[in-house]
Protein chains: 2
Amino acid sequence: MFTLDQLAGFVAVAEELHFGKAAERLNMTQPPLSRQIQKLEKSIGTELLERDNRKVQLTPAGTAFLDEAKRLLALANRAPITARRIATGRSGVLRVGFTAASGFSILGPLLEEIASILPEVDIDLQELVTGEQIQGLLTGELDLGLARPPFDGQVFDSHLLYRESMVLAVPAGHPLTDLTRPVEDEDLRDEALIMHSPTQAAYFYDLVIRMHTIQHGNVLHSVSQILTMVSLVAARRGVAFVPHSATLLAIKGVEFLPLAGRSSEDPVELHAIWNRKVANPALRRLLQDLEFRTE
Amino acid sequence: MFTLDQLAGFVAVAEELHFGKAAERLNMTQPPLSRQIQKLEKSIGTELLERDNRKVQLTPAGTAFLDEAKRLLALANRAPITARRIATGRSGVLRVGFTAASGFSILGPLLEEIASILPEVDIDLQELVTGEQIQGLLTGELDLGLARPPFDGQVFDSHLLYRESMVLAVPAGHPLTDLTRPVEDEDLRDEALIMHSPTQAAYFYDLVIRMHTIQHGNVLHSVSQILTMVSLVAARRGVAFVPHSATLLAIKGVEFLPLAGRSSEDPVELHAIWNRKVANPALRRLLQDLEFRTE
DNA sequence: TCGGGTGATACTCGGAAGGCATCATGTTCA
DNA sequence: TGAACATGATGCCTTCCGAGTATCACCCGA
């Protein structure tokens, strides 16, 4: 049987793809690390890494094993924490990731609901973008995420929490506020636009691109946080597409206008997502009580 | 950090509720087991077992930890097995590229055969032209291609899957359908011809150029997809040389006529090709079982 | 009070793991 | 083309961990 140290060694090498750097990261020298990996491979019964004298690569088996090793280590890290929590009278921890935007609206009520179902469970909250949440759910550092599509249905199960419309954030007193009808794309032809980052906020970026005709010359900034966008609007730098829940932000000098077209059909989705391999007993109980489907 | 042996020790004691019997089950003596548990508790930071000199009981923290420990051990047992399965090719992913034309005919049966040889291997299919397949095989993004010559025999190994003839696709009711003999090049002197793209479908283009005398003034379109060609024929835009397997396309308003000369000698080849440096164990197993030659 | 049962402790020894020095091999650049 | 460099593997030494044996400490019942 292998040891957890060997797993940690393997993960380090698999991530660095370099024995020396991995050894450094593990605060040890390279030779014992080499031997660790050799022993691990021997006890597994198959090669995990392919090393010619120039570079290190994962074999297919190694790729799969890396996944399992990470999960194992995450579980091994979490188990003692859970035990200690229980020993001190609480019954566990639920680590929840959420996107900033979900914090404006659903997070509060959801937490209250969780607290009523699992009164003795500590809830550990982290604001993370969807990509980071998915990473966390994979490694077991997170139990539940409040995130936006897309995510891999093979690995994650999910539950649609709610849908909302997009609205347009404009500075107070802006000419568009005089309109008595929803804002059309045409109206924005000459407006400076504060856009979402296509990498950091891909979901919103894609949504807006899909539903609206954007004059690219008008785009001023690419930002990843809704709050930042609204702040920039308040600073009269331009207008911005934001989810309806952003109207709950009481920021002075910003008004929110309805949009015409498909943006009014609640296209913005927020999902609760979790790893299908639910490891945390508190989460399992929560999903049952909330009647989210699980398997 | 604790060790997996300590976990196994803890699980044994937790299930037996007796150090001596647990030690026996683990093929060891009782004293080291006691110390194992002590160390485990120390590294966890909390008591897991309550022992007075008469009996052993789980603490609440111990109960929760037992759950996690079992899960951990199960995972630790399974991970090497999974890795070995992948290494021996019994499990994993096989990425297969295929040309659209091969999809009409051989792809279905081939997939069935692969599925029967490698029932637990996921097959990832991508429709790609030969050039893209070769690229994918080089970068390792593809394991197996169903493609047409030419390709570099230094780098790729291949196996001829089948040969077929070229036929002529003509609109229904076209005068040529009245012929009782194969179509000669002469017959096409005044026909509008839908040709293959010399860049995107070089294989077919070269084949036709080599085997037939084409009146270049007659060429109407250069397209890369067999399906597109047949559709254009159906739209009565002209006639087209297509591989025999295209007759399997049930497109209305198209008839297929035999060709005279070398085109009737099955000149169209479809090969399975793969990188000589087979990296994917699933592929290695497949090639062996299909008795494709490898080195 | 004594004997049986049970978990903890003391001591010893073998093996495993880490560090240092060095090797083997492949790459790069003058 | 050859010398310096980079990188993973090996040999050797030392340390430390863990298992075994023997024994202790404690509780219980007769």
# chains A, B, ... in the order shown; residues from 1 in each chain; ligands from 1
>>> residues_around(residues="D:DT10", least_positions_apart="3", cutoff="9 Å", atoms="only C-alpha atoms (C1' of nucleotides)", output="list of chain:residue names")
A:Pro31, C:DT22, C:DC23
>>> write_last_selection(atoms="N, CA and C atoms (P, O5', C5', C4', C3', O3' and C1' of nucleotides)", output="mmCIF file, in the first residue's frame")
data_model
loop_
_atom_site.group_PDB
_atom_site.id
_atom_site.type_symbol
_atom_site.label_atom_id
_atom_site.label_comp_id
_atom_site.auth_asym_id
_atom_site.auth_seq_id
_atom_site.Cartn_x
_atom_site.Cartn_y
_atom_site.Cartn_z
ATOM 1 N N PRO A 31 16.398 13.453 -4.898
ATOM 2 C CA PRO A 31 16.540 11.983 -4.951
ATOM 3 C C PRO A 31 15.451 11.202 -4.211
ATOM 4 P P DT C 22 31.487 13.601 -4.853
ATOM 5 O "O5'" DT C 22 30.740 12.707 -5.921
ATOM 6 C "C5'" DT C 22 30.459 11.339 -5.597
ATOM 7 C "C4'" DT C 22 29.658 10.710 -6.714
ATOM 8 C "C3'" DT C 22 30.135 11.072 -8.129
ATOM 9 O "O3'" DT C 22 30.458 9.870 -8.808
ATOM 10 C "C1'" DT C 22 27.782 11.192 -7.949
ATOM 11 P P DC C 23 31.026 9.934 -10.314
ATOM 12 O "O5'" DC C 23 29.828 9.212 -11.092
ATOM 13 C "C5'" DC C 23 29.246 8.032 -10.534
ATOM 14 C "C4'" DC C 23 28.025 7.628 -11.339
ATOM 15 C "C3'" DC C 23 28.235 7.665 -12.854
ATOM 16 O "O3'" DC C 23 27.656 6.501 -13.412
ATOM 17 C "C1'" DC C 23 26.390 9.004 -12.257
#
>>> interface_residues(of="chain D", to="chain A", cutoff="12 Å", atoms="only C-alpha atoms (C1' of nucleotides)", output="VMD selection string")
chain D and resid 6 to 11
>>> write_last_selection(atoms="N, CA, C and O atoms (P, O5', C5', C4', C3', O3' and C1' of nucleotides)", output="mmCIF file, in the first residue's frame")
data_model
loop_
_atom_site.group_PDB
_atom_site.id
_atom_site.type_symbol
_atom_site.label_atom_id
_atom_site.label_comp_id
_atom_site.auth_asym_id
_atom_site.auth_seq_id
_atom_site.Cartn_x
_atom_site.Cartn_y
_atom_site.Cartn_z
ATOM 1 P P DA D 6 22.096 24.874 -16.038
ATOM 2 O "O5'" DA D 6 21.024 23.748 -16.354
ATOM 3 C "C5'" DA D 6 20.494 23.647 -17.667
ATOM 4 C "C4'" DA D 6 19.623 22.416 -17.754
ATOM 5 C "C3'" DA D 6 18.823 22.119 -16.478
ATOM 6 O "O3'" DA D 6 17.525 21.764 -16.876
ATOM 7 C "C1'" DA D 6 20.159 20.250 -17.043
ATOM 8 P P DT D 7 16.365 21.582 -15.774
ATOM 9 O "O5'" DT D 7 16.327 20.014 -15.584
ATOM 10 C "C5'" DT D 7 16.059 19.193 -16.700
ATOM 11 C "C4'" DT D 7 16.169 17.753 -16.286
ATOM 12 C "C3'" DT D 7 15.595 17.468 -14.885
ATOM 13 O "O3'" DT D 7 14.721 16.375 -14.972
ATOM 14 C "C1'" DT D 7 17.716 16.512 -15.132
ATOM 15 P P DG D 8 13.544 16.242 -13.904
ATOM 16 O "O5'" DG D 8 13.591 14.678 -13.614
ATOM 17 C "C5'" DG D 8 13.521 13.780 -14.707
ATOM 18 C "C4'" DG D 8 14.383 12.566 -14.447
ATOM 19 C "C3'" DG D 8 14.068 11.793 -13.156
ATOM 20 O "O3'" DG D 8 13.945 10.421 -13.484
ATOM 21 C "C1'" DG D 8 16.375 12.249 -13.287
ATOM 22 P P DA D 9 13.745 9.312 -12.367
ATOM 23 O "O5'" DA D 9 15.222 8.722 -12.230
ATOM 24 C "C5'" DA D 9 15.795 8.057 -13.340
ATOM 25 C "C4'" DA D 9 17.025 7.272 -12.920
ATOM 26 C "C3'" DA D 9 16.842 6.294 -11.759
ATOM 27 O "O3'" DA D 9 17.609 5.134 -12.033
ATOM 28 C "C1'" DA D 9 18.481 7.891 -11.184
ATOM 29 P P DT D 10 17.508 3.837 -11.104
ATOM 30 O "O5'" DT D 10 18.959 3.652 -10.456
ATOM 31 C "C5'" DT D 10 19.888 4.663 -10.606
ATOM 32 C "C4'" DT D 10 21.187 4.332 -9.880
ATOM 33 C "C3'" DT D 10 21.120 3.358 -8.711
ATOM 34 O "O3'" DT D 10 22.362 2.682 -8.636
ATOM 35 C "C1'" DT D 10 21.689 5.499 -7.903
ATOM 36 P P DG D 11 22.634 1.532 -7.548
ATOM 37 O "O5'" DG D 11 23.662 2.231 -6.556
ATOM 38 C "C5'" DG D 11 24.834 2.845 -7.073
ATOM 39 C "C4'" DG D 11 25.757 3.258 -5.935
ATOM 40 C "C3'" DG D 11 25.755 2.331 -4.717
ATOM 41 O "O3'" DG D 11 27.076 2.311 -4.157
ATOM 42 C "C1'" DG D 11 24.961 4.458 -4.074
#
>>> interface_residues(of="chain C", to="chain A", cutoff="10 Å", atoms="only C-alpha atoms (C1' of nucleotides)", output="list in words")
DA17, DG18, DG19, DC20, DA24, DT25, DG26 and DT27 of chain C
>>> write_last_selection(atoms="N, CA and C atoms (P, O5', C5', C4', C3', O3' and C1' of nucleotides)", output="CSV table (one decimal), in the first residue's frame")
chain,number,residue,atom,x,y,z
C,17,DA,P,9.7,4.1,2.9
C,17,DA,O5',10.3,5.5,3.2
C,17,DA,C5',10.1,6.1,4.5
C,17,DA,C4',11.0,7.3,4.6
C,17,DA,C3',11.2,8.1,3.3
C,17,DA,O3',11.3,9.5,3.6
C,17,DA,C1',13.3,7.4,4.2
C,18,DG,P,11.2,10.5,2.4
C,18,DG,O5',12.3,11.5,2.8
C,18,DG,C5',12.5,12.0,4.1
C,18,DG,C4',13.9,12.4,4.4
C,18,DG,C3',14.4,13.2,3.2
C,18,DG,O3',15.0,14.4,3.7
C,18,DG,C1',15.9,11.4,3.7
C,19,DG,P,15.5,15.5,2.6
C,19,DG,O5',17.1,15.4,2.7
C,19,DG,C5',17.7,15.6,4.0
C,19,DG,C4',19.2,15.4,3.9
C,19,DG,C3',19.8,16.2,2.8
C,19,DG,O3',21.0,16.9,3.2
C,19,DG,C1',20.3,13.9,2.6
C,20,DC,P,21.7,17.9,2.1
C,20,DC,O5',22.9,17.0,1.6
C,20,DC,C5',23.8,16.4,2.6
C,20,DC,C4',24.9,15.7,1.9
C,20,DC,C3',25.5,16.4,0.7
C,20,DC,O3',26.9,16.3,0.7
C,20,DC,C1',24.7,14.3,0.0
C,24,DA,P,28.1,6.1,-14.9
C,24,DA,O5',26.7,6.4,-15.7
C,24,DA,C5',25.5,6.0,-15.2
C,24,DA,C4',24.4,6.4,-16.2
C,24,DA,C3',24.8,6.5,-17.6
C,24,DA,O3',23.7,6.0,-18.4
C,24,DA,C1',24.1,8.6,-16.9
C,25,DT,P,23.9,5.8,-20.0
C,25,DT,O5',23.0,7.1,-20.5
C,25,DT,C5',21.7,7.3,-20.0
C,25,DT,C4',21.3,8.7,-20.4
C,25,DT,C3',21.6,9.0,-21.9
C,25,DT,O3',20.5,9.5,-22.5
C,25,DT,C1',22.2,10.8,-20.6
C,26,DG,P,20.2,9.3,-24.1
C,26,DG,O5',19.5,10.7,-24.4
C,26,DG,C5',18.5,11.2,-23.6
C,26,DG,C4',18.6,12.7,-23.6
C,26,DG,C3',18.8,13.4,-24.9
C,26,DG,O3',18.0,14.5,-25.0
C,26,DG,C1',20.4,14.1,-23.5
C,27,DT,P,17.6,15.1,-26.4
C,27,DT,O5',17.8,16.7,-26.2
C,27,DT,C5',17.5,17.2,-24.9
C,27,DT,C4',18.3,18.5,-24.8
C,27,DT,C3',18.4,19.4,-26.0
C,27,DT,O3',18.0,20.7,-25.7
C,27,DT,C1',20.5,19.1,-25.0
>>> closest_residue(among="B:Leu72, B:Val183, B:Leu125, B:Leu7", to="chain A", atoms="only C-alpha atoms")
B:Leu72
>>> closest_residue(among="A:Leu160, A:Ala260, A:Met1, A:Val242", to="chain B", atoms="only C-alpha atoms")
A:Met1
